[in-house]
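Structure data follow from coords-v2.cif (mmCIF, C-alpha atoms):
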```
data_input
loop_
_atom_site.group_PDB
_atom_site.id
_atom_site.type_symbol
_atom_site.label_atom_id
_atom_site.label_comp_id
_atom_site.auth_asym_id
_atom_site.auth_seq_id
_atom_site.Cartn_x
_atom_site.Cartn_y
_atom_site.Cartn_z
ATOM 1 C CA MET A 696 0.000 0.000 0.000
ATOM 2 C CA ARG A 697 1.131 3.548 -0.746
ATOM 3 C CA ASN A 698 3.040 5.249 2.064
ATOM 4 C CA VAL A 699 0.809 7.655 3.961
ATOM 5 C CA LYS A 700 3.607 10.238 4.211
ATOM 6 C CA LEU A 701 4.252 12.282 1.103
ATOM 7 C CA GLU A 702 7.817 12.811 -0.051
ATOM 8 C CA PHE A 703 9.623 16.023 -0.953
ATOM 9 C CA LEU A 704 11.848 17.216 -3.769
ATOM 10 C CA PRO A 705 15.422 18.114 -2.786
ATOM 11 C CA PRO A 706 15.428 21.317 -0.696
ATOM 12 C CA LEU A 707 15.971 24.725 -2.290
ATOM 13 C CA ILE A 708 18.233 26.651 0.041
ATOM 14 C CA GLU A 709 18.596 30.436 0.212
ATOM 15 C CA LYS A 710 21.729 30.457 2.296
ATOM 16 C CA GLU A 711 21.167 31.762 5.839
ATOM 17 C CA ILE A 712 17.628 32.923 4.928
ATOM 18 C CA MET A 713 15.233 30.072 4.154
ATOM 19 C CA VAL A 714 14.780 26.482 3.009
ATOM 20 C CA VAL A 715 11.916 25.307 0.752
ATOM 21 C CA GLU A 716 10.847 21.710 0.076
ATOM 22 C CA GLU A 717 8.156 21.043 -2.525
ATOM 23 C CA VAL A 718 5.845 18.088 -1.984
ATOM 24 C CA VAL A 719 5.739 15.261 -4.520
ATOM 25 C CA PHE A 720 2.028 15.127 -5.245
ATOM 26 C CA ASN A 721 1.892 12.643 -8.073
ATOM 27 C CA THR A 722 2.353 8.915 -8.084
ATOM 28 C CA ASN A 723 2.886 6.942 -11.279
ATOM 29 C CA ASN A 724 2.316 10.223 -13.135
ATOM 30 C CA ILE A 725 -1.205 10.558 -11.709
ATOM 31 C CA GLN A 726 -1.837 13.928 -10.061
ATOM 32 C CA LEU A 727 -3.417 13.366 -6.643
ATOM 33 C CA ALA A 728 -4.550 16.896 -5.853
ATOM 34 C CA PRO A 729 -5.851 20.057 -7.571
ATOM 35 C CA PHE A 730 -3.027 22.101 -6.004
ATOM 36 C CA LYS A 731 0.707 21.996 -5.287
ATOM 37 C CA ALA A 732 2.291 22.303 -1.880
ATOM 38 C CA SER A 733 5.538 22.901 -0.033
ATOM 39 C CA ARG A 734 6.859 23.271 3.462
ATOM 40 C CA TRP A 735 9.445 25.915 4.193
ATOM 41 C CA GLU A 736 11.289 27.578 7.033
ATOM 42 C CA VAL A 737 12.645 31.096 7.550
ATOM 43 C CA PHE A 738 15.459 31.641 10.005
ATOM 44 C CA PRO A 739 15.143 34.152 12.886
ATOM 45 C CA GLY A 740 15.674 37.776 11.885
ATOM 46 C CA LYS A 741 15.377 36.964 8.151
ATOM 47 C CA SER A 742 12.686 37.723 5.570
ATOM 48 C CA SER A 743 11.448 35.304 2.941
ATOM 49 C CA LEU A 744 12.082 36.316 -0.666
ATOM 50 C CA ILE A 745 9.231 38.463 -2.008
ATOM 51 C CA ASP A 746 6.941 36.236 -4.059
ATOM 52 C CA VAL A 747 4.382 37.312 -6.670
ATOM 53 C CA HIS A 748 2.583 35.103 -9.215
ATOM 54 C CA GLU A 749 -0.719 34.464 -10.941
ATOM 55 C CA VAL A 750 -1.586 31.333 -8.961
ATOM 56 C CA ARG A 751 -3.515 31.811 -5.748
ATOM 57 C CA GLU A 752 -1.808 30.698 -2.552
ATOM 58 C CA CYS A 753 -2.503 29.865 1.070
ATOM 59 C CA TRP A 754 -0.038 29.796 3.924
ATOM 60 C CA PHE A 755 -0.684 27.582 6.931
ATOM 61 C CA ILE A 756 1.582 28.779 9.738
ATOM 62 C CA ALA A 757 2.788 25.737 11.634
ATOM 63 C CA LYS A 758 5.445 27.210 13.917
ATOM 64 C CA GLY A 759 6.743 30.603 14.952
ATOM 65 C CA GLU A 760 5.627 34.148 14.287
ATOM 66 C CA GLY A 761 6.490 36.973 11.958
ATOM 67 C CA GLU A 762 5.527 40.248 10.331
ATOM 68 C CA LEU A 763 3.619 39.861 7.088
ATOM 69 C CA ILE A 764 4.251 42.117 4.097
ATOM 70 C CA ARG A 765 1.567 42.113 1.362
ATOM 71 C CA ASN A 766 1.719 44.401 -1.666
ATOM 72 C CA GLU A 767 4.646 46.196 -0.017
ATOM 73 C CA LYS A 768 2.590 47.091 3.064
ATOM 74 C CA LYS A 769 2.973 45.796 6.616
ATOM 75 C CA GLU A 770 -0.057 43.685 7.557
ATOM 76 C CA GLY A 771 0.840 43.007 11.187
ATOM 77 C CA LYS A 772 1.859 39.937 13.083
ATOM 78 C CA VAL A 773 0.947 36.394 12.070
ATOM 79 C CA LYS A 774 1.600 33.304 14.157
ATOM 80 C CA GLN A 775 1.162 29.557 14.606
ATOM 81 C CA GLY A 776 -2.360 28.468 13.603
ATOM 82 C CA ASP A 777 -3.061 31.355 11.230
ATOM 83 C CA ILE A 778 -4.166 30.621 7.648
ATOM 84 C CA LEU A 779 -3.444 33.338 5.078
ATOM 85 C CA PHE A 780 -4.812 33.756 1.550
ATOM 86 C CA PHE A 781 -3.049 35.602 -1.283
ATOM 87 C CA ASP A 782 -4.961 36.407 -4.438
ATOM 88 C CA SER A 783 -3.361 36.478 -7.885
ATOM 89 C CA ASN A 784 -0.498 38.945 -8.185
ATOM 90 C CA GLU A 785 -0.504 40.037 -4.537
ATOM 91 C CA SER A 786 3.149 40.150 -3.529
ATOM 92 C CA HIS A 787 3.900 38.547 -0.178
ATOM 93 C CA SER A 788 6.778 38.003 2.219
ATOM 94 C CA ILE A 789 7.266 37.283 5.902
ATOM 95 C CA CYS A 790 9.911 38.612 8.275
ATOM 96 C CA ASN A 791 10.730 36.222 11.095
ATOM 97 C CA SER A 792 10.481 38.410 14.175
ATOM 98 C CA GLY A 793 10.751 35.503 16.608
ATOM 99 C CA LYS A 794 13.626 33.521 18.083
ATOM 100 C CA GLU A 795 12.872 30.184 16.400
ATOM 101 C CA ASN A 796 12.457 29.187 12.770
ATOM 102 C CA ILE A 797 9.102 29.890 11.162
ATOM 103 C CA LEU A 798 7.615 26.750 9.587
ATOM 104 C CA ILE A 799 4.917 27.285 6.946
ATOM 105 C CA PHE A 800 2.971 24.943 4.685
ATOM 106 C CA SER A 801 2.133 26.594 1.334
ATOM 107 C CA ILE A 802 -0.530 25.522 -1.124
ATOM 108 C CA TRP A 803 -0.998 27.107 -4.517
ATOM 109 C CA TRP A 804 -3.391 26.512 -7.395
ATOM 110 C CA ASN A 805 -4.401 27.918 -10.772
ATOM 111 C CA VAL A 806 -7.154 30.540 -10.871
ATOM 112 C CA MET B 1373 -8.581 45.403 1.085
ATOM 113 C CA ARG B 1374 -9.550 41.899 2.156
ATOM 114 C CA ASN B 1375 -7.954 40.737 5.398
ATOM 115 C CA VAL B 1376 -5.037 38.434 4.705
ATOM 116 C CA LYS B 1377 -6.028 36.124 7.583
ATOM 117 C CA LEU B 1378 -8.881 33.746 6.871
ATOM 118 C CA GLU B 1379 -11.628 33.345 9.437
ATOM 119 C CA PHE B 1380 -13.083 30.198 10.965
ATOM 120 C CA LEU B 1381 -16.537 28.822 11.650
ATOM 121 C CA PRO B 1382 -17.416 28.307 15.335
ATOM 122 C CA PRO B 1383 -15.375 25.412 16.778
ATOM 123 C CA LEU B 1384 -16.762 21.882 16.894
ATOM 124 C CA ILE B 1385 -15.748 20.450 20.243
ATOM 125 C CA GLU B 1386 -15.500 16.755 21.111
ATOM 126 C CA LYS B 1387 -15.268 17.220 24.845
ATOM 127 C CA GLU B 1388 -11.828 16.341 26.274
ATOM 128 C CA ILE B 1389 -10.774 14.823 22.917
ATOM 129 C CA MET B 1390 -10.444 17.366 20.114
ATOM 130 C CA VAL B 1391 -11.479 20.735 18.694
ATOM 131 C CA VAL B 1392 -12.066 21.384 14.965
ATOM 132 C CA GLU B 1393 -12.391 24.774 13.252
ATOM 133 C CA GLU B 1394 -13.335 24.899 9.571
ATOM 134 C CA VAL B 1395 -11.915 27.718 7.475
ATOM 135 C CA VAL B 1396 -14.265 30.183 5.772
ATOM 136 C CA PHE B 1397 -13.016 29.963 2.202
ATOM 137 C CA ASN B 1398 -15.555 32.034 0.371
ATOM 138 C CA THR B 1399 -16.081 35.756 0.270
ATOM 139 C CA ASN B 1400 -19.234 37.372 -1.093
ATOM 140 C CA ASN B 1401 -20.292 33.836 -2.056
ATOM 141 C CA ILE B 1402 -17.290 33.412 -4.347
ATOM 142 C CA GLN B 1403 -15.334 30.235 -3.650
ATOM 143 C CA LEU B 1404 -11.635 31.097 -3.400
ATOM 144 C CA ALA B 1405 -10.113 27.636 -3.533
ATOM 145 C CA PRO B 1406 -10.716 24.197 -5.093
ATOM 146 C CA PHE B 1407 -10.653 22.598 -1.633
ATOM 147 C CA LYS B 1408 -11.915 23.062 1.914
ATOM 148 C CA ALA B 1409 -9.749 23.309 4.999
ATOM 149 C CA SER B 1410 -9.747 23.193 8.776
ATOM 150 C CA ARG B 1411 -7.357 23.378 11.685
ATOM 151 C CA TRP B 1412 -7.821 21.043 14.602
ATOM 152 C CA GLU B 1413 -6.171 19.893 17.789
ATOM 153 C CA VAL B 1414 -6.146 16.591 19.654
ATOM 154 C CA PHE B 1415 -5.393 16.575 23.361
ATOM 155 C CA PRO B 1416 -2.558 14.430 24.824
ATOM 156 C CA GLY B 1417 -3.423 10.755 25.241
ATOM 157 C CA LYS B 1418 -6.560 11.069 23.074
ATOM 158 C CA SER B 1419 -7.388 9.774 19.587
ATOM 159 C CA SER B 1420 -9.209 11.751 16.916
ATOM 160 C CA LEU B 1421 -12.559 10.349 15.822
ATOM 161 C CA ILE B 1422 -12.125 7.829 12.985
ATOM 162 C CA ASP B 1423 -12.911 9.585 9.716
ATOM 163 C CA VAL B 1424 -13.805 8.005 6.363
ATOM 164 C CA HIS B 1425 -15.259 9.726 3.284
ATOM 165 C CA GLU B 1426 -15.127 9.894 -0.485
ATOM 166 C CA VAL B 1427 -13.243 13.185 -0.669
ATOM 167 C CA ARG B 1428 -9.473 12.977 -0.694
ATOM 168 C CA GLU B 1429 -7.654 14.612 2.203
ATOM 169 C CA CYS B 1430 -4.235 15.855 3.279
ATOM 170 C CA TRP B 1431 -3.020 16.472 6.790
ATOM 171 C CA PHE B 1432 -0.273 18.994 7.425
ATOM 172 C CA ILE B 1433 1.105 18.347 10.896
ATOM 173 C CA ALA B 1434 1.908 21.694 12.474
ATOM 174 C CA LYS B 1435 2.679 20.713 16.068
ATOM 175 C CA GLY B 1436 3.174 17.588 18.129
ATOM 176 C CA GLU B 1437 3.420 13.920 17.315
ATOM 177 C CA GLY B 1438 1.184 10.883 17.264
ATOM 178 C CA GLU B 1439 0.503 7.361 16.067
ATOM 179 C CA LEU B 1440 -1.356 7.187 12.784
ATOM 180 C CA ILE B 1441 -4.090 4.633 12.152
ATOM 181 C CA ARG B 1442 -5.105 4.077 8.496
ATOM 182 C CA ASN B 1443 -7.615 1.453 7.438
ATOM 183 C CA GLU B 1444 -7.535 0.091 10.997
ATOM 184 C CA LYS B 1445 -3.771 -0.547 10.855
ATOM 185 C CA LYS B 1446 -1.011 1.227 12.762
ATOM 186 C CA GLU B 1447 1.157 3.192 10.348
ATOM 187 C CA GLY B 1448 3.786 4.389 12.811
ATOM 188 C CA LYS B 1449 4.681 7.763 14.210
ATOM 189 C CA VAL B 1450 4.016 11.056 12.461
ATOM 190 C CA LYS B 1451 5.260 14.426 13.658
ATOM 191 C CA GLN B 1452 5.582 18.169 13.021
ATOM 192 C CA GLY B 1453 6.400 18.856 9.361
ATOM 193 C CA ASP B 1454 4.912 15.646 7.964
ATOM 194 C CA ILE B 1455 2.329 15.823 5.165
ATOM 195 C CA LEU B 1456 -0.055 12.861 4.876
ATOM 196 C CA PHE B 1457 -2.364 11.882 2.022
ATOM 197 C CA PHE B 1458 -5.557 9.828 2.386
ATOM 198 C CA ASP B 1459 -7.262 8.485 -0.701
ATOM 199 C CA SER B 1460 -11.030 8.099 -1.009
ATOM 200 C CA ASN B 1461 -12.542 5.824 1.613
ATOM 201 C CA GLU B 1462 -9.328 5.217 3.544
ATOM 202 C CA SER B 1463 -10.268 5.510 7.206
ATOM 203 C CA HIS B 1464 -7.871 7.587 9.298
ATOM 204 C CA SER B 1465 -7.290 8.647 12.884
ATOM 205 C CA ILE B 1466 -4.399 9.861 15.017
ATOM 206 C CA CYS B 1467 -3.577 9.052 18.631
ATOM 207 C CA ASN B 1468 -1.746 11.845 20.412
ATOM 208 C CA SER B 1469 1.211 10.041 21.984
ATOM 209 C CA GLY B 1470 2.949 13.251 23.025
ATOM 210 C CA LYS B 1471 2.635 15.610 25.969
ATOM 211 C CA GLU B 1472 1.320 18.653 24.071
ATOM 212 C CA ASN B 1473 -1.679 19.135 21.816
ATOM 213 C CA ILE B 1474 -1.340 17.973 18.222
ATOM 214 C CA LEU B 1475 -2.183 20.782 15.774
ATOM 215 C CA ILE B 1476 -3.084 19.710 12.224
ATOM 216 C CA PHE B 1477 -4.229 21.599 9.148
ATOM 217 C CA SER B 1478 -6.579 19.463 7.000
ATOM 218 C CA ILE B 1479 -7.442 20.023 3.371
ATOM 219 C CA TRP B 1480 -10.018 17.984 1.472
ATOM 220 C CA TRP B 1481 -11.347 18.032 -2.078
ATOM 221 C CA ASN B 1482 -13.635 16.139 -4.412
ATOM 222 C CA VAL B 1483 -12.110 13.328 -6.473
#
```
Give the structure from this file in C-alpha coordinates form.
Amino acid sequence: MRNVKLEFLPPLIEKEIMVVEEVVFNTNNIQLAPFKASRWEVFPGKSSLIDVHEVRECWFIAKGEGELIRNEKKEGKVKQGDILFFDSNESHSICNSGKENILIFSIWWNV
Amino acid sequence: MRNVKLEFLPPLIEKEIMVVEEVVFNTNNIQLAPFKASRWEVFPGKSSLIDVHEVRECWFIAKGEGELIRNEKKEGKVKQGDILFFDSNESHSICNSGKENILIFSIWWNV
(Lines of atoms letter the chains of each structure in order from A and count residues from 1; the text may use other names and numbers.)
(Lines give C-alpha, C1' and ligand atoms only; values in the text may rest on other atoms or scores of the structure.)
Protein backbone atom coordinates (compact mmCIF):
# COMPACT_ATOMS: atom_id res chain seq x y z
CA MET A 1 0.00 0.00 0.00
CA ARG A 2 1.13 3.55 -0.75
CA ASN A 3 3.04 5.25 2.06
CA VAL A 4 0.81 7.65 3.96
CA LYS A 5 3.61 10.24 4.21
CA LEU A 6 4.25 12.28 1.10
CA GLU A 7 7.82 12.81 -0.05
CA PHE A 8 9.62 16.02 -0.95
CA LEU A 9 11.85 17.22 -3.77
CA PRO A 10 15.42 18.11 -2.79
CA PRO A 11 15.43 21.32 -0.70
CA LEU A 12 15.97 24.73 -2.29
CA ILE A 13 18.23 26.65 0.04
CA GLU A 14 18.60 30.44 0.21
CA LYS A 15 21.73 30.46 2.30
CA GLU A 16 21.17 31.76 5.84
CA ILE A 17 17.63 32.92 4.93
CA MET A 18 15.23 30.07 4.15
CA VAL A 19 14.78 26.48 3.01
CA VAL A 20 11.92 25.31 0.75
CA GLU A 21 10.85 21.71 0.08
CA GLU A 22 8.16 21.04 -2.53
CA VAL A 23 5.84 18.09 -1.98
CA VAL A 24 5.74 15.26 -4.52
CA PHE A 25 2.03 15.13 -5.24
CA ASN A 26 1.89 12.64 -8.07
CA THR A 27 2.35 8.92 -8.08
CA ASN A 28 2.89 6.94 -11.28
CA ASN A 29 2.32 10.22 -13.14
CA ILE A 30 -1.20 10.56 -11.71
CA GLN A 31 -1.84 13.93 -10.06
CA LEU A 32 -3.42 13.37 -6.64
CA ALA A 33 -4.55 16.90 -5.85
CA PRO A 34 -5.85 20.06 -7.57
CA PHE A 35 -3.03 22.10 -6.00
CA LYS A 36 0.71 22.00 -5.29
CA ALA A 37 2.29 22.30 -1.88
CA SER A 38 5.54 22.90 -0.03
CA ARG A 39 6.86 23.27 3.46
CA TRP A 40 9.45 25.92 4.19
CA GLU A 41 11.29 27.58 7.03
CA VAL A 42 12.65 31.10 7.55
CA PHE A 43 15.46 31.64 10.01
CA PRO A 44 15.14 34.15 12.89
CA GLY A 45 15.67 37.78 11.88
CA LYS A 46 15.38 36.96 8.15
CA SER A 47 12.69 37.72 5.57
CA SER A 48 11.45 35.30 2.94
CA LEU A 49 12.08 36.32 -0.67
CA ILE A 50 9.23 38.46 -2.01
CA ASP A 51 6.94 36.24 -4.06
CA VAL A 52 4.38 37.31 -6.67
CA HIS A 53 2.58 35.10 -9.22
CA GLU A 54 -0.72 34.46 -10.94
CA VAL A 55 -1.59 31.33 -8.96
CA ARG A 56 -3.52 31.81 -5.75
CA GLU A 57 -1.81 30.70 -2.55
CA CYS A 58 -2.50 29.87 1.07
CA TRP A 59 -0.04 29.80 3.92
CA PHE A 60 -0.68 27.58 6.93
CA ILE A 61 1.58 28.78 9.74
CA ALA A 62 2.79 25.74 11.63
CA LYS A 63 5.44 27.21 13.92
CA GLY A 64 6.74 30.60 14.95
CA GLU A 65 5.63 34.15 14.29
CA GLY A 66 6.49 36.97 11.96
CA GLU A 67 5.53 40.25 10.33
CA LEU A 68 3.62 39.86 7.09
CA ILE A 69 4.25 42.12 4.10
CA ARG A 70 1.57 42.11 1.36
CA ASN A 71 1.72 44.40 -1.67
CA GLU A 72 4.65 46.20 -0.02
CA LYS A 73 2.59 47.09 3.06
CA LYS A 74 2.97 45.80 6.62
CA GLU A 75 -0.06 43.69 7.56
CA GLY A 76 0.84 43.01 11.19
CA LYS A 77 1.86 39.94 13.08
CA VAL A 78 0.95 36.39 12.07
CA LYS A 79 1.60 33.30 14.16
CA GLN A 80 1.16 29.56 14.61
CA GLY A 81 -2.36 28.47 13.60
CA ASP A 82 -3.06 31.36 11.23
CA ILE A 83 -4.17 30.62 7.65
CA LEU A 84 -3.44 33.34 5.08
CA PHE A 85 -4.81 33.76 1.55
CA PHE A 86 -3.05 35.60 -1.28
CA ASP A 87 -4.96 36.41 -4.44
CA SER A 88 -3.36 36.48 -7.89
CA ASN A 89 -0.50 38.94 -8.19
CA GLU A 90 -0.50 40.04 -4.54
CA SER A 91 3.15 40.15 -3.53
CA HIS A 92 3.90 38.55 -0.18
CA SER A 93 6.78 38.00 2.22
CA ILE A 94 7.27 37.28 5.90
CA CYS A 95 9.91 38.61 8.27
CA ASN A 96 10.73 36.22 11.09
CA SER A 97 10.48 38.41 14.17
CA GLY A 98 10.75 35.50 16.61
CA LYS A 99 13.63 33.52 18.08
CA GLU A 100 12.87 30.18 16.40
CA ASN A 101 12.46 29.19 12.77
CA ILE A 102 9.10 29.89 11.16
CA LEU A 103 7.62 26.75 9.59
CA ILE A 104 4.92 27.28 6.95
CA PHE A 105 2.97 24.94 4.69
CA SER A 106 2.13 26.59 1.33
CA ILE A 107 -0.53 25.52 -1.12
CA TRP A 108 -1.00 27.11 -4.52
CA TRP A 109 -3.39 26.51 -7.40
CA ASN A 110 -4.40 27.92 -10.77
CA VAL A 111 -7.15 30.54 -10.87
CA MET B 1 -8.58 45.40 1.08
CA ARG B 2 -9.55 41.90 2.16
CA ASN B 3 -7.95 40.74 5.40
CA VAL B 4 -5.04 38.43 4.70
CA LYS B 5 -6.03 36.12 7.58
CA LEU B 6 -8.88 33.75 6.87
CA GLU B 7 -11.63 33.35 9.44
CA PHE B 8 -13.08 30.20 10.97
CA LEU B 9 -16.54 28.82 11.65
CA PRO B 10 -17.42 28.31 15.33
CA PRO B 11 -15.37 25.41 16.78
CA LEU B 12 -16.76 21.88 16.89
CA ILE B 13 -15.75 20.45 20.24
CA GLU B 14 -15.50 16.75 21.11
CA LYS B 15 -15.27 17.22 24.84
CA GLU B 16 -11.83 16.34 26.27
CA ILE B 17 -10.77 14.82 22.92
CA MET B 18 -10.44 17.37 20.11
CA VAL B 19 -11.48 20.74 18.69
CA VAL B 20 -12.07 21.38 14.96
CA GLU B 21 -12.39 24.77 13.25
CA GLU B 22 -13.34 24.90 9.57
CA VAL B 23 -11.91 27.72 7.47
CA VAL B 24 -14.27 30.18 5.77
CA PHE B 25 -13.02 29.96 2.20
CA ASN B 26 -15.56 32.03 0.37
CA THR B 27 -16.08 35.76 0.27
CA ASN B 28 -19.23 37.37 -1.09
CA ASN B 29 -20.29 33.84 -2.06
CA ILE B 30 -17.29 33.41 -4.35
CA GLN B 31 -15.33 30.23 -3.65
CA LEU B 32 -11.63 31.10 -3.40
CA ALA B 33 -10.11 27.64 -3.53
CA PRO B 34 -10.72 24.20 -5.09
CA PHE B 35 -10.65 22.60 -1.63
CA LYS B 36 -11.92 23.06 1.91
CA ALA B 37 -9.75 23.31 5.00
CA SER B 38 -9.75 23.19 8.78
CA ARG B 39 -7.36 23.38 11.68
CA TRP B 40 -7.82 21.04 14.60
CA GLU B 41 -6.17 19.89 17.79
CA VAL B 42 -6.15 16.59 19.65
CA PHE B 43 -5.39 16.57 23.36
CA PRO B 44 -2.56 14.43 24.82
CA GLY B 45 -3.42 10.75 25.24
CA LYS B 46 -6.56 11.07 23.07
CA SER B 47 -7.39 9.77 19.59
CA SER B 48 -9.21 11.75 16.92
CA LEU B 49 -12.56 10.35 15.82
CA ILE B 50 -12.12 7.83 12.99
CA ASP B 51 -12.91 9.58 9.72
CA VAL B 52 -13.80 8.01 6.36
CA HIS B 53 -15.26 9.73 3.28
CA GLU B 54 -15.13 9.89 -0.48
CA VAL B 55 -13.24 13.19 -0.67
CA ARG B 56 -9.47 12.98 -0.69
CA GLU B 57 -7.65 14.61 2.20
CA CYS B 58 -4.23 15.86 3.28
CA TRP B 59 -3.02 16.47 6.79
CA PHE B 60 -0.27 18.99 7.42
CA ILE B 61 1.11 18.35 10.90
CA ALA B 62 1.91 21.69 12.47
CA LYS B 63 2.68 20.71 16.07
CA GLY B 64 3.17 17.59 18.13
CA GLU B 65 3.42 13.92 17.31
CA GLY B 66 1.18 10.88 17.26
CA GLU B 67 0.50 7.36 16.07
CA LEU B 68 -1.36 7.19 12.78
CA ILE B 69 -4.09 4.63 12.15
CA ARG B 70 -5.11 4.08 8.50
CA ASN B 71 -7.62 1.45 7.44
CA GLU B 72 -7.53 0.09 11.00
CA LYS B 73 -3.77 -0.55 10.85
CA LYS B 74 -1.01 1.23 12.76
CA GLU B 75 1.16 3.19 10.35
CA GLY B 76 3.79 4.39 12.81
CA LYS B 77 4.68 7.76 14.21
CA VAL B 78 4.02 11.06 12.46
CA LYS B 79 5.26 14.43 13.66
CA GLN B 80 5.58 18.17 13.02
CA GLY B 81 6.40 18.86 9.36
CA ASP B 82 4.91 15.65 7.96
CA ILE B 83 2.33 15.82 5.17
CA LEU B 84 -0.05 12.86 4.88
CA PHE B 85 -2.36 11.88 2.02
CA PHE B 86 -5.56 9.83 2.39
CA ASP B 87 -7.26 8.49 -0.70
CA SER B 88 -11.03 8.10 -1.01
CA ASN B 89 -12.54 5.82 1.61
CA GLU B 90 -9.33 5.22 3.54
CA SER B 91 -10.27 5.51 7.21
CA HIS B 92 -7.87 7.59 9.30
CA SER B 93 -7.29 8.65 12.88
CA ILE B 94 -4.40 9.86 15.02
CA CYS B 95 -3.58 9.05 18.63
CA ASN B 96 -1.75 11.84 20.41
CA SER B 97 1.21 10.04 21.98
CA GLY B 98 2.95 13.25 23.02
CA LYS B 99 2.64 15.61 25.97
CA GLU B 100 1.32 18.65 24.07
CA ASN B 101 -1.68 19.14 21.82
CA ILE B 102 -1.34 17.97 18.22
CA LEU B 103 -2.18 20.78 15.77
CA ILE B 104 -3.08 19.71 12.22
CA PHE B 105 -4.23 21.60 9.15
CA SER B 106 -6.58 19.46 7.00
CA ILE B 107 -7.44 20.02 3.37
CA TRP B 108 -10.02 17.98 1.47
CA TRP B 109 -11.35 18.03 -2.08
CA ASN B 110 -13.63 16.14 -4.41
CA VAL B 111 -12.11 13.33 -6.47
Take CA of Glu736 (chain A) and CA of Ile1455 (chain B) and report the distance between them in Å, one decimal.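 That distance, rounded to one decimal, is 14.9 Å.
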Once you count all atoms listed in the file, which residues of chain A turn out to be within 9 Å of chain B? Could you give them as a PyMOL selection string? chain A and resi 698-702+718+727-730+734+751-752+755-758+765+770+773+775-782+798-800+804+806
Selection in question (the file shown): the PyMOL selection byres ((chain B and resi 1426) around 7). Which residues does it include, as a PyMOL selection string? chain B and resi 1425+1427-1428+1460-1461
Anything within 9 Å of (10.6, 35.0, 9.5): list those residues as a list in words, counting only C-alpha atoms and sticking to the file's coordinates. Ile712, Met713, Glu736, Val737, Phe738, Pro739, Gly740, Lys741, Ser742, Ser743, Gly759, Glu760, Gly761, Glu762, Leu763, Ser788, Ile789, Cys790, Asn791, Ser792, Gly793, Glu795, Asn796, Ile797 and Leu798 of chain A
Could you tell me how far CA of Ile1385 (chain B) lies from CA of Thr1399 (chain B), in Å and to one decimal?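 According to the coordinates, CA of Ile1385 (chain B) and CA of Thr1399 (chain B) are separated by 25.2 Å.
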